[in-house]
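What follows is structure-v2.cif (mmCIF, C-alpha atoms and all ligand atoms).
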```cif
data_entry
#
loop_
_atom_site.label_atom_id
_atom_site.label_comp_id
_atom_site.auth_asym_id
_atom_site.auth_seq_id
_atom_site.Cartn_x
_atom_site.Cartn_y
_atom_site.Cartn_z
CA MET A 1380 -69.09 14.95 -43.74
CA SER A 1381 -68.87 18.70 -43.40
CA GLY A 1382 -70.83 19.01 -40.19
CA THR A 1383 -68.98 16.19 -38.45
CA LEU A 1384 -66.20 17.04 -36.06
CA SER A 1385 -62.88 15.43 -36.91
CA THR A 1386 -61.19 13.16 -34.40
CA LEU A 1387 -58.87 16.02 -33.64
CA GLU A 1388 -61.61 18.47 -32.91
CA VAL A 1389 -63.06 16.27 -30.23
CA ALA A 1390 -59.66 15.59 -28.72
CA THR A 1391 -59.11 17.42 -25.49
CA THR A 1392 -55.40 16.70 -25.26
CA TRP A 1393 -52.67 16.90 -27.84
CA ASP A 1394 -52.38 13.55 -29.52
CA VAL A 1395 -50.37 13.47 -32.72
CA GLU A 1396 -51.71 10.05 -33.72
CA ARG A 1397 -55.25 11.39 -33.65
CA ILE A 1398 -54.17 14.31 -35.78
CA ARG A 1399 -52.46 12.01 -38.25
CA ALA A 1400 -55.67 10.03 -38.59
CA ASP A 1401 -57.30 13.18 -40.00
CA PHE A 1402 -54.91 13.22 -42.99
CA PRO A 1403 -55.56 10.31 -45.38
CA VAL A 1404 -52.49 11.03 -47.51
CA LEU A 1405 -50.23 10.07 -44.60
CA GLU A 1406 -51.44 6.47 -44.65
CA GLN A 1407 -49.49 5.55 -47.75
CA THR A 1408 -46.08 4.01 -48.21
CA VAL A 1409 -43.41 5.40 -50.52
CA ASN A 1410 -40.67 3.12 -51.81
CA GLY A 1411 -41.96 0.51 -49.41
CA LYS A 1412 -41.55 2.83 -46.39
CA PRO A 1413 -44.18 4.85 -44.51
CA LEU A 1414 -44.46 8.32 -46.02
CA ILE A 1415 -42.75 10.96 -43.90
CA TYR A 1416 -43.90 14.27 -45.25
CA LEU A 1417 -41.52 17.11 -44.40
CA ASP A 1418 -42.24 19.51 -47.26
CA ASN A 1419 -44.89 21.48 -45.47
CA SER A 1420 -43.46 24.90 -46.29
CA ALA A 1421 -44.14 24.16 -49.94
CA SER A 1422 -47.63 22.71 -49.37
CA SER A 1423 -49.11 21.15 -46.28
CA GLN A 1424 -51.46 18.17 -46.47
CA VAL A 1425 -55.24 18.40 -46.37
CA PRO A 1426 -57.40 16.85 -43.63
CA GLN A 1427 -60.42 14.72 -44.49
CA VAL A 1428 -62.86 17.35 -43.22
CA VAL A 1429 -61.53 19.84 -45.79
CA ILE A 1430 -61.67 17.25 -48.57
CA ASP A 1431 -65.23 16.43 -47.53
CA ARG A 1432 -66.28 20.06 -47.46
CA GLY A 1433 -65.07 20.51 -51.03
CA SER A 1434 -66.97 17.38 -52.07
CA VAL A 1435 -70.16 18.62 -50.41
CA TYR A 1436 -69.95 21.83 -52.40
CA ILE A 1437 -69.44 19.95 -55.66
CA GLU A 1438 -72.01 17.24 -54.96
CA GLN A 1439 -74.74 19.32 -53.37
CA GLU A 1440 -74.17 23.06 -53.74
CA HIS A 1441 -72.31 23.59 -56.99
CA SER A 1442 -73.60 26.80 -58.46
CA ASN A 1443 -72.40 30.29 -59.24
CA ILE A 1444 -72.44 32.82 -56.42
CA HIS A 1445 -73.84 36.32 -55.89
CA ARG A 1446 -75.92 36.26 -59.08
CA GLY A 1447 -78.67 33.73 -58.60
CA VAL A 1448 -81.91 33.93 -56.67
CA HIS A 1449 -82.29 30.17 -56.77
CA TYR A 1450 -81.69 27.83 -53.89
CA LEU A 1451 -78.30 26.42 -54.91
CA SER A 1452 -76.83 29.79 -55.75
CA GLN A 1453 -77.88 31.14 -52.40
CA LYS A 1454 -76.43 28.13 -50.61
CA ALA A 1455 -73.11 28.47 -52.44
CA THR A 1456 -73.06 32.23 -51.76
CA THR A 1457 -73.70 31.66 -48.07
CA ALA A 1458 -70.88 29.11 -47.87
CA TYR A 1459 -68.47 31.35 -49.80
CA GLU A 1460 -69.22 34.42 -47.71
CA GLY A 1461 -69.16 32.28 -44.58
CA ALA A 1462 -65.59 31.33 -45.45
CA ARG A 1463 -64.72 35.02 -45.72
CA GLU A 1464 -66.13 35.55 -42.22
CA LYS A 1465 -63.88 32.78 -40.92
CA VAL A 1466 -60.85 34.42 -42.51
CA LYS A 1467 -61.81 37.77 -41.02
CA GLN A 1468 -62.06 36.30 -37.56
CA PHE A 1469 -58.86 34.23 -38.00
CA ILE A 1470 -56.66 37.23 -38.77
CA ASN A 1471 -58.79 39.65 -36.72
CA ALA A 1472 -59.62 41.99 -39.59
CA ARG A 1473 -62.06 44.75 -38.74
CA GLU A 1474 -64.40 43.93 -41.63
CA SER A 1475 -64.82 40.85 -43.80
CA ARG A 1476 -64.82 43.09 -46.88
CA GLU A 1477 -61.15 43.76 -46.11
CA CYS A 1478 -60.43 40.09 -46.92
CA ILE A 1479 -60.16 39.51 -50.65
CA PHE A 1480 -60.10 36.00 -52.09
CA VAL A 1481 -57.18 35.68 -54.51
CA ARG A 1482 -55.41 32.70 -56.09
CA GLY A 1483 -52.62 32.79 -53.55
CA ALA A 1484 -50.03 35.03 -51.94
CA THR A 1485 -48.46 35.70 -55.33
CA GLU A 1486 -51.66 37.12 -56.75
CA GLY A 1487 -52.29 39.10 -53.57
CA ILE A 1488 -48.91 40.83 -53.84
CA ASN A 1489 -49.43 41.49 -57.54
CA LEU A 1490 -52.81 42.99 -56.78
CA VAL A 1491 -51.22 45.44 -54.35
CA MET A 1492 -48.43 46.15 -56.80
CA HIS A 1493 -50.96 47.06 -59.51
CA GLY A 1494 -53.61 48.69 -57.38
CA TYR A 1495 -51.51 50.55 -54.87
CA GLY A 1496 -48.07 50.61 -56.45
CA ARG A 1497 -48.98 51.95 -59.85
CA LYS A 1498 -51.29 54.61 -58.43
CA PHE A 1499 -49.45 55.81 -55.35
CA ILE A 1500 -45.77 55.11 -56.08
CA GLY A 1501 -43.89 57.34 -58.51
CA ALA A 1502 -40.47 58.24 -59.83
CA GLY A 1503 -37.92 58.72 -57.07
CA ASP A 1504 -40.06 56.98 -54.44
CA GLU A 1505 -38.57 53.96 -52.71
CA ILE A 1506 -39.77 50.47 -51.91
CA ILE A 1507 -37.97 48.42 -49.26
CA ILE A 1508 -37.96 44.64 -49.25
CA SER A 1509 -35.74 42.32 -47.25
CA ALA A 1510 -32.90 40.08 -48.38
CA MET A 1511 -34.86 36.96 -47.48
CA GLU A 1512 -37.95 37.43 -49.64
CA HIS A 1513 -39.60 34.77 -51.77
CA HIS A 1514 -39.50 35.69 -55.47
CA SER A 1515 -43.22 36.53 -55.16
CA ASN A 1516 -42.31 39.47 -52.95
CA ILE A 1517 -39.42 40.63 -55.13
CA VAL A 1518 -40.48 40.45 -58.76
CA PRO A 1519 -43.74 42.46 -58.51
CA TRP A 1520 -41.84 45.33 -56.84
CA GLN A 1521 -39.17 45.21 -59.52
CA GLN A 1522 -41.97 45.47 -62.06
CA VAL A 1523 -43.55 48.48 -60.37
CA CYS A 1524 -40.13 50.15 -60.15
CA ALA A 1525 -39.55 49.54 -63.86
CA ARG A 1526 -42.93 51.11 -64.67
CA THR A 1527 -42.82 54.09 -62.33
CA GLY A 1528 -39.16 54.96 -61.89
CA ALA A 1529 -39.30 54.09 -58.19
CA VAL A 1530 -36.21 52.55 -56.59
CA LEU A 1531 -36.02 49.14 -54.90
CA ARG A 1532 -33.98 48.99 -51.68
CA VAL A 1533 -33.05 45.75 -49.97
CA ALA A 1534 -32.62 45.50 -46.21
CA PRO A 1535 -29.76 43.07 -45.60
CA MET A 1536 -29.68 40.00 -43.38
CA ASP A 1537 -26.78 38.65 -41.36
CA ASP A 1538 -25.14 35.23 -41.53
CA ARG A 1539 -27.73 33.68 -39.22
CA GLY A 1540 -30.50 34.85 -41.51
CA GLU A 1541 -31.76 37.67 -39.30
CA LEU A 1542 -32.73 41.03 -40.69
CA VAL A 1543 -30.16 43.72 -39.78
CA MET A 1544 -32.54 46.16 -38.16
CA GLU A 1545 -30.08 49.08 -38.02
CA GLU A 1546 -29.64 48.80 -41.78
CA PHE A 1547 -33.37 48.57 -42.29
CA GLU A 1548 -33.80 51.70 -40.20
CA ARG A 1549 -31.12 53.48 -42.21
CA LEU A 1550 -33.00 52.76 -45.45
CA LEU A 1551 -36.23 54.29 -44.16
CA THR A 1552 -36.69 57.86 -45.34
CA PRO A 1553 -39.64 60.07 -46.31
CA ARG A 1554 -39.09 58.69 -49.83
CA THR A 1555 -40.07 55.20 -48.66
CA LYS A 1556 -43.59 54.51 -49.87
CA MET A 1557 -43.83 50.76 -49.34
CA VAL A 1558 -42.15 48.20 -47.11
CA ALA A 1559 -42.84 44.61 -48.18
CA VAL A 1560 -41.39 41.85 -46.00
CA ALA A 1561 -42.03 38.25 -45.08
CA HIS A 1562 -43.53 37.62 -41.67
CA ALA A 1563 -41.48 34.41 -41.77
CA SER A 1564 -38.90 33.25 -44.32
CA ASN A 1565 -39.63 30.12 -46.35
CA ALA A 1566 -35.97 29.33 -47.05
CA LEU A 1567 -34.61 29.88 -43.54
CA GLY A 1568 -37.54 29.87 -41.14
CA THR A 1569 -36.59 33.28 -39.69
CA VAL A 1570 -39.45 35.11 -38.01
CA ASN A 1571 -39.06 38.81 -38.68
CA PRO A 1572 -39.85 41.43 -36.02
CA VAL A 1573 -42.86 42.59 -37.99
CA ASP A 1574 -44.46 44.69 -35.29
CA ARG A 1575 -41.27 46.79 -35.06
CA ILE A 1576 -41.00 46.91 -38.84
CA VAL A 1577 -44.56 48.21 -39.18
CA ARG A 1578 -44.05 50.86 -36.49
CA MET A 1579 -40.78 52.07 -38.01
CA ALA A 1580 -42.22 52.17 -41.53
CA HIS A 1581 -45.30 54.06 -40.41
CA ASN A 1582 -43.07 56.62 -38.70
CA VAL A 1583 -41.83 57.71 -42.13
CA GLY A 1584 -45.29 57.48 -43.68
CA ALA A 1585 -44.69 54.25 -45.62
CA LYS A 1586 -47.28 51.52 -46.08
CA VAL A 1587 -46.44 47.94 -45.12
CA LEU A 1588 -47.26 44.67 -46.83
CA LEU A 1589 -46.51 41.53 -44.82
CA ASP A 1590 -46.18 38.21 -46.59
CA GLY A 1591 -47.70 35.76 -44.13
CA SER A 1592 -47.38 32.68 -46.35
CA GLN A 1593 -45.06 30.98 -43.84
CA ALA A 1594 -46.53 32.55 -40.73
CA VAL A 1595 -50.28 32.05 -40.38
CA GLN A 1596 -49.92 28.27 -40.00
CA HIS A 1597 -47.38 28.67 -37.18
CA LEU A 1598 -47.94 31.99 -35.42
CA ARG A 1599 -50.98 33.77 -34.04
CA THR A 1600 -51.72 36.50 -36.56
CA ASP A 1601 -53.63 39.65 -35.73
CA VAL A 1602 -53.53 42.16 -38.56
CA ARG A 1603 -55.05 44.89 -36.43
CA ALA A 1604 -52.60 44.46 -33.57
CA LEU A 1605 -49.79 44.44 -36.14
CA ASP A 1606 -51.34 47.47 -37.85
CA ALA A 1607 -50.36 45.92 -41.20
CA ASP A 1608 -51.67 47.82 -44.21
CA PHE A 1609 -51.70 44.67 -46.33
CA TYR A 1610 -51.25 41.03 -45.33
CA VAL A 1611 -51.22 38.06 -47.71
CA PHE A 1612 -51.29 34.31 -47.23
CA THR A 1613 -51.96 31.23 -49.24
CA GLY A 1614 -54.40 28.35 -48.58
CA HIS A 1615 -52.29 25.34 -49.50
CA LYS A 1616 -49.79 25.98 -46.72
CA ILE A 1617 -52.47 26.04 -44.02
CA TYR A 1618 -54.10 22.66 -44.62
CA GLY A 1619 -56.33 24.05 -47.38
CA PRO A 1620 -56.62 23.68 -51.14
CA THR A 1621 -54.36 25.13 -53.81
CA GLY A 1622 -55.47 28.04 -55.96
CA ILE A 1623 -56.88 30.09 -53.11
CA GLY A 1624 -55.38 32.69 -50.81
CA ILE A 1625 -56.12 35.93 -49.04
CA LEU A 1626 -55.20 39.53 -49.47
CA TYR A 1627 -56.12 41.55 -46.42
CA GLY A 1628 -56.01 45.31 -46.83
CA LYS A 1629 -57.17 48.22 -44.70
CA GLU A 1630 -60.50 49.34 -46.06
CA ALA A 1631 -59.47 52.92 -46.83
CA LEU A 1632 -56.50 51.70 -48.87
CA LEU A 1633 -58.48 49.11 -50.78
CA ASP A 1634 -61.16 51.72 -51.45
CA ALA A 1635 -58.59 54.08 -52.91
CA MET A 1636 -57.11 51.43 -55.22
CA PRO A 1637 -58.33 50.77 -58.76
CA PRO A 1638 -59.46 47.22 -59.59
CA PHE A 1639 -56.84 44.68 -60.60
CA LEU A 1640 -58.83 42.58 -63.09
CA GLY A 1641 -61.91 43.68 -65.00
CA GLY A 1642 -64.98 41.55 -65.68
CA GLY A 1643 -68.11 40.19 -64.08
CA ASP A 1644 -68.98 40.78 -60.43
CA MET A 1645 -66.44 43.60 -59.94
CA ILE A 1646 -68.67 46.24 -61.58
CA ARG A 1647 -71.65 48.27 -60.42
CA THR A 1648 -72.64 49.51 -63.90
CA VAL A 1649 -71.35 48.88 -67.41
CA THR A 1650 -72.09 50.90 -70.54
CA PHE A 1651 -70.02 51.20 -73.67
CA GLU A 1652 -69.00 54.64 -72.47
CA GLY A 1653 -67.53 53.31 -69.25
CA SER A 1654 -68.00 51.27 -66.11
CA THR A 1655 -68.20 51.86 -62.38
CA TRP A 1656 -66.90 49.56 -59.69
CA ASN A 1657 -68.61 47.37 -57.15
CA ASP A 1658 -68.05 47.74 -53.42
CA LEU A 1659 -65.38 45.88 -51.49
CA PRO A 1660 -64.52 43.06 -51.57
CA TYR A 1661 -66.16 42.36 -54.95
CA LYS A 1662 -64.27 45.15 -56.72
CA PHE A 1663 -61.22 42.89 -56.51
CA GLU A 1664 -62.91 39.57 -57.29
CA ALA A 1665 -63.55 39.74 -61.02
CA GLY A 1666 -65.14 36.72 -62.68
CA THR A 1667 -66.26 33.48 -61.10
CA PRO A 1668 -63.91 32.87 -58.18
CA HIS A 1669 -62.54 29.57 -56.89
CA ILE A 1670 -65.70 28.89 -54.88
CA ALA A 1671 -64.75 25.38 -53.77
CA GLY A 1672 -61.30 26.64 -52.82
CA ALA A 1673 -62.64 29.49 -50.70
CA ILE A 1674 -65.07 27.19 -48.90
CA GLY A 1675 -62.25 24.68 -48.39
CA LEU A 1676 -59.97 27.37 -47.00
CA GLY A 1677 -62.67 28.40 -44.53
CA ARG A 1678 -62.98 24.78 -43.39
CA ALA A 1679 -59.18 24.43 -43.16
CA ILE A 1680 -58.97 27.48 -40.93
CA GLU A 1681 -61.73 26.08 -38.75
CA TYR A 1682 -59.86 22.78 -38.52
CA PHE A 1683 -56.60 24.52 -37.67
CA GLN A 1684 -58.25 26.62 -35.00
CA GLY A 1685 -59.67 23.39 -33.56
CA VAL A 1686 -56.12 22.17 -32.99
CA GLY A 1687 -55.36 25.17 -30.79
CA PHE A 1688 -52.49 27.57 -31.26
CA ASP A 1689 -50.75 26.89 -27.97
CA ALA A 1690 -50.67 23.17 -28.71
CA VAL A 1691 -49.44 23.73 -32.28
CA GLN A 1692 -46.68 26.04 -31.11
CA ALA A 1693 -45.50 23.72 -28.36
CA HIS A 1694 -45.49 20.70 -30.70
CA GLU A 1695 -43.74 22.49 -33.55
CA ALA A 1696 -41.16 23.97 -31.17
CA SER A 1697 -40.26 20.48 -30.02
CA LEU A 1698 -39.98 19.28 -33.64
CA LEU A 1699 -37.75 22.24 -34.50
CA GLU A 1700 -35.55 21.70 -31.48
CA LYS A 1701 -35.11 18.00 -32.16
CA ALA A 1702 -34.49 18.43 -35.90
CA THR A 1703 -31.95 21.19 -35.25
CA ALA A 1704 -30.04 19.04 -32.77
CA ALA A 1705 -30.29 15.81 -34.79
CA LEU A 1706 -29.15 17.29 -38.10
CA SER A 1707 -26.39 19.48 -36.69
CA ALA A 1708 -24.97 16.43 -34.89
CA ILE A 1709 -24.28 14.72 -38.25
CA ASP A 1710 -20.70 15.13 -39.35
CA GLY A 1711 -20.47 17.37 -42.42
CA VAL A 1712 -23.98 18.82 -42.09
CA ARG A 1713 -24.28 22.60 -41.82
CA LEU A 1714 -27.52 24.29 -40.85
CA ILE A 1715 -28.50 27.27 -42.99
CA GLY A 1716 -30.56 29.81 -41.11
CA THR A 1717 -29.99 29.91 -37.37
CA ALA A 1718 -32.11 32.90 -36.41
CA ARG A 1719 -33.07 33.16 -32.76
CA GLU A 1720 -36.73 33.16 -33.66
CA LYS A 1721 -37.81 30.58 -36.22
CA VAL A 1722 -40.84 28.70 -37.42
CA ALA A 1723 -40.43 24.94 -37.76
CA VAL A 1724 -38.17 24.95 -40.83
CA VAL A 1725 -34.65 23.51 -40.99
CA SER A 1726 -32.51 24.21 -44.06
CA PHE A 1727 -29.18 22.43 -44.33
CA ILE A 1728 -26.37 21.41 -46.63
CA ILE A 1729 -23.89 18.55 -46.54
CA ASP A 1730 -20.30 19.41 -47.41
CA GLY A 1731 -19.50 18.30 -50.93
CA VAL A 1732 -22.97 16.90 -51.68
CA HIS A 1733 -25.56 18.59 -53.85
CA PRO A 1734 -28.88 19.02 -51.99
CA HIS A 1735 -30.76 17.35 -54.88
CA ASP A 1736 -28.77 14.18 -54.27
CA VAL A 1737 -29.62 14.36 -50.56
CA GLY A 1738 -33.29 14.74 -51.48
CA THR A 1739 -33.14 11.70 -53.77
CA ILE A 1740 -31.49 9.49 -51.16
CA VAL A 1741 -33.89 10.42 -48.36
CA ASP A 1742 -36.84 9.93 -50.72
CA ARG A 1743 -35.79 6.27 -50.97
CA GLU A 1744 -36.56 6.10 -47.25
CA GLY A 1745 -39.99 7.58 -47.83
CA VAL A 1746 -38.93 11.01 -46.54
CA ALA A 1747 -40.15 14.01 -48.56
CA ILE A 1748 -37.99 17.10 -48.17
CA ARG A 1749 -37.49 20.03 -50.52
CA THR A 1750 -34.23 20.83 -52.25
CA GLY A 1751 -33.26 23.83 -54.33
CA HIS A 1752 -33.29 27.58 -53.93
CA HIS A 1753 -36.85 27.60 -52.55
CA CYS A 1754 -37.85 30.51 -54.82
CA ALA A 1755 -35.40 32.65 -52.86
CA GLN A 1756 -32.34 32.85 -55.11
CA PRO A 1757 -31.04 36.05 -53.47
CA VAL A 1758 -30.91 34.21 -50.13
CA MET A 1759 -28.69 31.56 -51.70
CA ASP A 1760 -26.52 34.24 -53.34
CA ARG A 1761 -26.15 36.07 -50.03
CA LEU A 1762 -25.02 32.86 -48.29
CA GLY A 1763 -22.80 31.78 -51.19
CA ILE A 1764 -24.52 28.44 -51.78
CA PRO A 1765 -26.49 27.17 -54.78
CA ALA A 1766 -29.26 25.45 -52.86
CA THR A 1767 -30.24 23.81 -49.59
CA ALA A 1768 -32.18 20.78 -48.44
CA ARG A 1769 -35.13 21.83 -46.30
CA ALA A 1770 -37.26 19.91 -43.83
CA SER A 1771 -40.38 21.79 -42.74
CA PHE A 1772 -42.85 20.60 -40.16
CA ALA A 1773 -46.57 20.60 -39.55
CA VAL A 1774 -49.04 19.53 -36.88
CA TYR A 1775 -48.99 15.85 -37.92
CA ASN A 1776 -45.21 15.31 -37.85
CA THR A 1777 -43.69 13.24 -35.06
CA LEU A 1778 -40.43 13.19 -33.19
CA GLU A 1779 -39.86 9.65 -34.48
CA GLU A 1780 -40.02 10.92 -38.05
CA ILE A 1781 -37.06 13.15 -37.27
CA ASP A 1782 -35.05 10.11 -36.27
CA VAL A 1783 -35.76 8.59 -39.69
CA LEU A 1784 -34.84 11.87 -41.41
CA ALA A 1785 -31.57 12.13 -39.50
CA ALA A 1786 -30.65 8.50 -40.25
CA ALA A 1787 -31.42 9.03 -43.94
CA VAL A 1788 -29.33 12.22 -44.06
CA ALA A 1789 -26.46 10.43 -42.30
CA ARG A 1790 -26.72 7.69 -44.92
CA ALA A 1791 -26.64 10.26 -47.73
CA ARG A 1792 -23.54 11.80 -46.20
CA LYS A 1793 -21.84 8.40 -45.99
CA LEU A 1794 -22.75 7.43 -49.56
CA LEU A 1795 -21.97 10.74 -51.25
CA GLY A 1796 -19.85 12.86 -48.92
C1 LIG A 1801 -42.85 33.31 -48.20
C2 LIG A 1801 -43.68 32.94 -49.40
N1 LIG A 1801 -44.28 33.92 -50.09
C3 LIG A 1801 -45.04 33.66 -51.16
C4 LIG A 1801 -45.23 32.39 -51.61
C5 LIG A 1801 -46.06 32.15 -52.82
O1 LIG A 1801 -47.23 31.43 -52.52
P1 LIG A 1801 -48.18 30.98 -53.71
O2 LIG A 1801 -47.31 30.23 -54.69
O3 LIG A 1801 -49.20 30.11 -53.07
O4 LIG A 1801 -48.76 32.21 -54.31
C6 LIG A 1801 -44.60 31.33 -50.94
C7 LIG A 1801 -44.74 29.94 -51.42
O5 LIG A 1801 -43.81 29.16 -51.34
C8 LIG A 1801 -43.82 31.63 -49.79
O6 LIG A 1801 -43.21 30.66 -49.10
#
```
Conversion result in structure tokens:
Amino acid sequence: MSGTLSTLEVATTWDVERIRADFPVLEQTVNGKPLIYLDNSASSQVPQVVIDRGSVYIEQEHSNIHRGVHYLSQKATTAYEGAREKVKQFINARESRECIFVRGATEGINLVMHGYGRKFIGAGDEIIISAMEHHSNIVPWQQVCARTGAVLRVAPMDDRGELVMEEFERLLTPRTKMVAVAHASNALGTVNPVDRIVRMAHNVGAKVLLDGSQAVQHLRTDVRALDADFYVFTGHKIYGPTGIGILYGKEALLDAMPPFLGGGDMIRTVTFEGSTWNDLPYKFEAGTPHIAGAIGLGRAIEYFQGVGFDAVQAHEASLLEKATAALSAIDGVRLIGTAREKVAVVSFIIDGVHPHDVGTIVDREGVAIRTGHHCAQPVMDRLGIPATARASFAVYNTLEEIDVLAAAVARARKLLG
């Protein structure tokens, strides 16, 4: 139950089998083979303690928050706000009111686009994104440009999938009002030099939004050390539920922004003549939020912190190293995205074989990988390929699973190549 420590949390040494025991979904077989789940960049799996915490809310605390004086409402409110505290501490925000619960990274970016973009960005201003963004960090900026007359600039990447920093620097001018880049790329795994990016952007007076959707589950994230103006991430990639994510914003910026959605909870007063807004963070949390999701995210963060960052990083580095070596050793396989600094993501193609076919063949072996453009079509265009197959790793993956993946990919190559 919620108060019980998981097997992992009591473990004093890294033991992947103990971690695996925390994730019930991993116990199943697929096509008669043990499930090997390597689609963690899309959504990671959920440990029992997070599932249990959601059940406790529904079974024993289910009630609306902030509005009730009764026992259950106060309990639910305490749990919901407790989750916000955990987020604050996890990303080292100054204040918990700087952490807004949103549906996911996509909504967080749209909130900034509406609240900051439409108020503070105008005709002739410029917004810089990178060539390796997820569609979520492209389309909202295109929309704000269409509305305001601002111009979208794209910092290019090289063939390895690294941002070309000289080109990024060249794009920065006093016209730059916003720089929005991924902390880590979902399609390629590239970790961007975000501390440098923030410093350079601030030097020309631009604000910076970092998309941490592929970073917080792999890298230590400190929004204050980074000096990020906005930072977004999404719960279902960090062992939490879907439908919940975080927008962090510096208090002064969030204060200056108009609300995104209107409705209950985000107001201080309402008359037919007009309304006034609630304080942060509630100004940006209109309506009944995803209470179970927020509480689940808080528990997921707690679980993840229990694993220990150093251990996670060491384990994932060994998975990345082995997968890189094993896949590149297969005749006809080409790795896509060979940046010097990467999170545990390996994208690849097989000469003459469509990635969807690779995905189907390896699925027969129980191996779940992702195939397609990974919501990053411009990355595929830049590299001149339609799609990739992508294996992405999490705390519960094992080195042995990579052997199975490599054998299945070799089989796909033999059958189809
Ligand atoms: C880099 C990146 N940004 C944004 C998103 C969007 O996340 P969500 O769909 O949870 O809003 C994703 C999800 O794949 C992602 O990988």
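Going from CA of Asp1634 in chain A over to CA of Asp1658 in chain A, you cover 8.2 Å.
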Report task. Produce as a VMD selection string the set of residues near ligand LIG 1801 (chain A), where near means within 8 Å with only C-alpha atoms and all ligand atoms considered. Result -> chain A and resid 1420 to 1422 1482 to 1487 1512 to 1516 1561 to 1566 1590 to 1593 1612 to 1616 1621 to 1624 1753 to 1754
Could those residues be written to a file, using C-alpha atoms, as a PDB file, in the frame of the given file?
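Below is the file part-v6.pdb, written as the result:
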```
ATOM      1  CA  SER A1420     -43.460  24.900 -46.290  1.00  0.00           C
ATOM      2  CA  ALA A1421     -44.140  24.160 -49.940  1.00  0.00           C
ATOM      3  CA  SER A1422     -47.630  22.710 -49.370  1.00  0.00           C
ATOM      4  CA  ARG A1482     -55.410  32.700 -56.090  1.00  0.00           C
ATOM      5  CA  GLY A1483     -52.620  32.790 -53.550  1.00  0.00           C
ATOM      6  CA  ALA A1484     -50.030  35.030 -51.940  1.00  0.00           C
ATOM      7  CA  THR A1485     -48.460  35.700 -55.330  1.00  0.00           C
ATOM      8  CA  GLU A1486     -51.660  37.120 -56.750  1.00  0.00           C
ATOM      9  CA  GLY A1487     -52.290  39.100 -53.570  1.00  0.00           C
ATOM     10  CA  GLU A1512     -37.950  37.430 -49.640  1.00  0.00           C
ATOM     11  CA  HIS A1513     -39.600  34.770 -51.770  1.00  0.00           C
ATOM     12  CA  HIS A1514     -39.500  35.690 -55.470  1.00  0.00           C
ATOM     13  CA  SER A1515     -43.220  36.530 -55.160  1.00  0.00           C
ATOM     14  CA  ASN A1516     -42.310  39.470 -52.950  1.00  0.00           C
ATOM     15  CA  ALA A1561     -42.030  38.250 -45.080  1.00  0.00           C
ATOM     16  CA  HIS A1562     -43.530  37.620 -41.670  1.00  0.00           C
ATOM     17  CA  ALA A1563     -41.480  34.410 -41.770  1.00  0.00           C
ATOM     18  CA  SER A1564     -38.900  33.250 -44.320  1.00  0.00           C
ATOM     19  CA  ASN A1565     -39.630  30.120 -46.350  1.00  0.00           C
ATOM     20  CA  ALA A1566     -35.970  29.330 -47.050  1.00  0.00           C
ATOM     21  CA  ASP A1590     -46.180  38.210 -46.590  1.00  0.00           C
ATOM     22  CA  GLY A1591     -47.700  35.760 -44.130  1.00  0.00           C
ATOM     23  CA  SER A1592     -47.380  32.680 -46.350  1.00  0.00           C
ATOM     24  CA  GLN A1593     -45.060  30.980 -43.840  1.00  0.00           C
ATOM     25  CA  PHE A1612     -51.290  34.310 -47.230  1.00  0.00           C
ATOM     26  CA  THR A1613     -51.960  31.230 -49.240  1.00  0.00           C
ATOM     27  CA  GLY A1614     -54.400  28.350 -48.580  1.00  0.00           C
ATOM     28  CA  HIS A1615     -52.290  25.340 -49.500  1.00  0.00           C
ATOM     29  CA  LYS A1616     -49.790  25.980 -46.720  1.00  0.00           C
ATOM     30  CA  THR A1621     -54.360  25.130 -53.810  1.00  0.00           C
ATOM     31  CA  GLY A1622     -55.470  28.040 -55.960  1.00  0.00           C
ATOM     32  CA  ILE A1623     -56.880  30.090 -53.110  1.00  0.00           C
ATOM     33  CA  GLY A1624     -55.380  32.690 -50.810  1.00  0.00           C
ATOM     34  CA  HIS A1753     -36.850  27.600 -52.550  1.00  0.00           C
ATOM     35  CA  CYS A1754     -37.850  30.510 -54.820  1.00  0.00           C
TER      36      CYS A1754
END
```
Query - Distance query Glu1548 in chain A at most 10 Å, all atoms listed in the file, self and fewer than 2 positions along chain excluded, as a PyMOL selection string - result: chain A and resi 1534+1543-1546+1550-1552+1576+1579-1580
Query raised in the report: Which residues come within 6 Å of range 1669-1685 of chain A, counting all atoms listed in the file, excluding same-chain residues fewer than 3 positions away, as a PyMOL selection string?
Result: chain A and resi 1388+1429+1433+1459+1462+1465+1614+1618-1620+1623
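Taking only C-alpha atoms into account, Leu1490 in chain A lies nearest to A:Met1636 out of the set A:Met1636, A:Ile1415, A:Met1536, A:Val1448.
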**Report entry** A:Pro1734, A:Pro1660, A:Pro1553, A:Gly1501 ranked by distance to Leu1626 in chain A, top pick (using only C-alpha atoms)
**Finding:** A:Pro1660
Requested in this report: Between CA of Ala1510 in chain A and CA of Tyr1610 in chain A, measure the distance and give it in Å to one decimal.
Outcome: 18.6 Å
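Shortest separation to Glu1505 in chain A among A:Arg1432, A:His1597, A:Arg1647, A:Arg1554 occurs at residue A:Arg1554, atoms counted being all atoms listed in the file.
Proximity to Ala1604 in chain A at 9 Å, evaluated using only C-alpha atoms and with sequence-adjacent residues fewer than 3 positions away removed, yields Asn1471, Asp1574, Thr1600, Asp1601 and Ala1607 of chain A.
Residues surrounding range 1718-1728 of chain A within 6 Å are Arg1539, Gly1540, Glu1541, Gly1568, Thr1569, Val1570, Glu1695, Leu1699, Val1712, Thr1767, Ala1768, Arg1769, Ala1770, Ser1771 and Phe1772 of chain A [all atoms listed in the file; sequence separation below 6 positions excluded].
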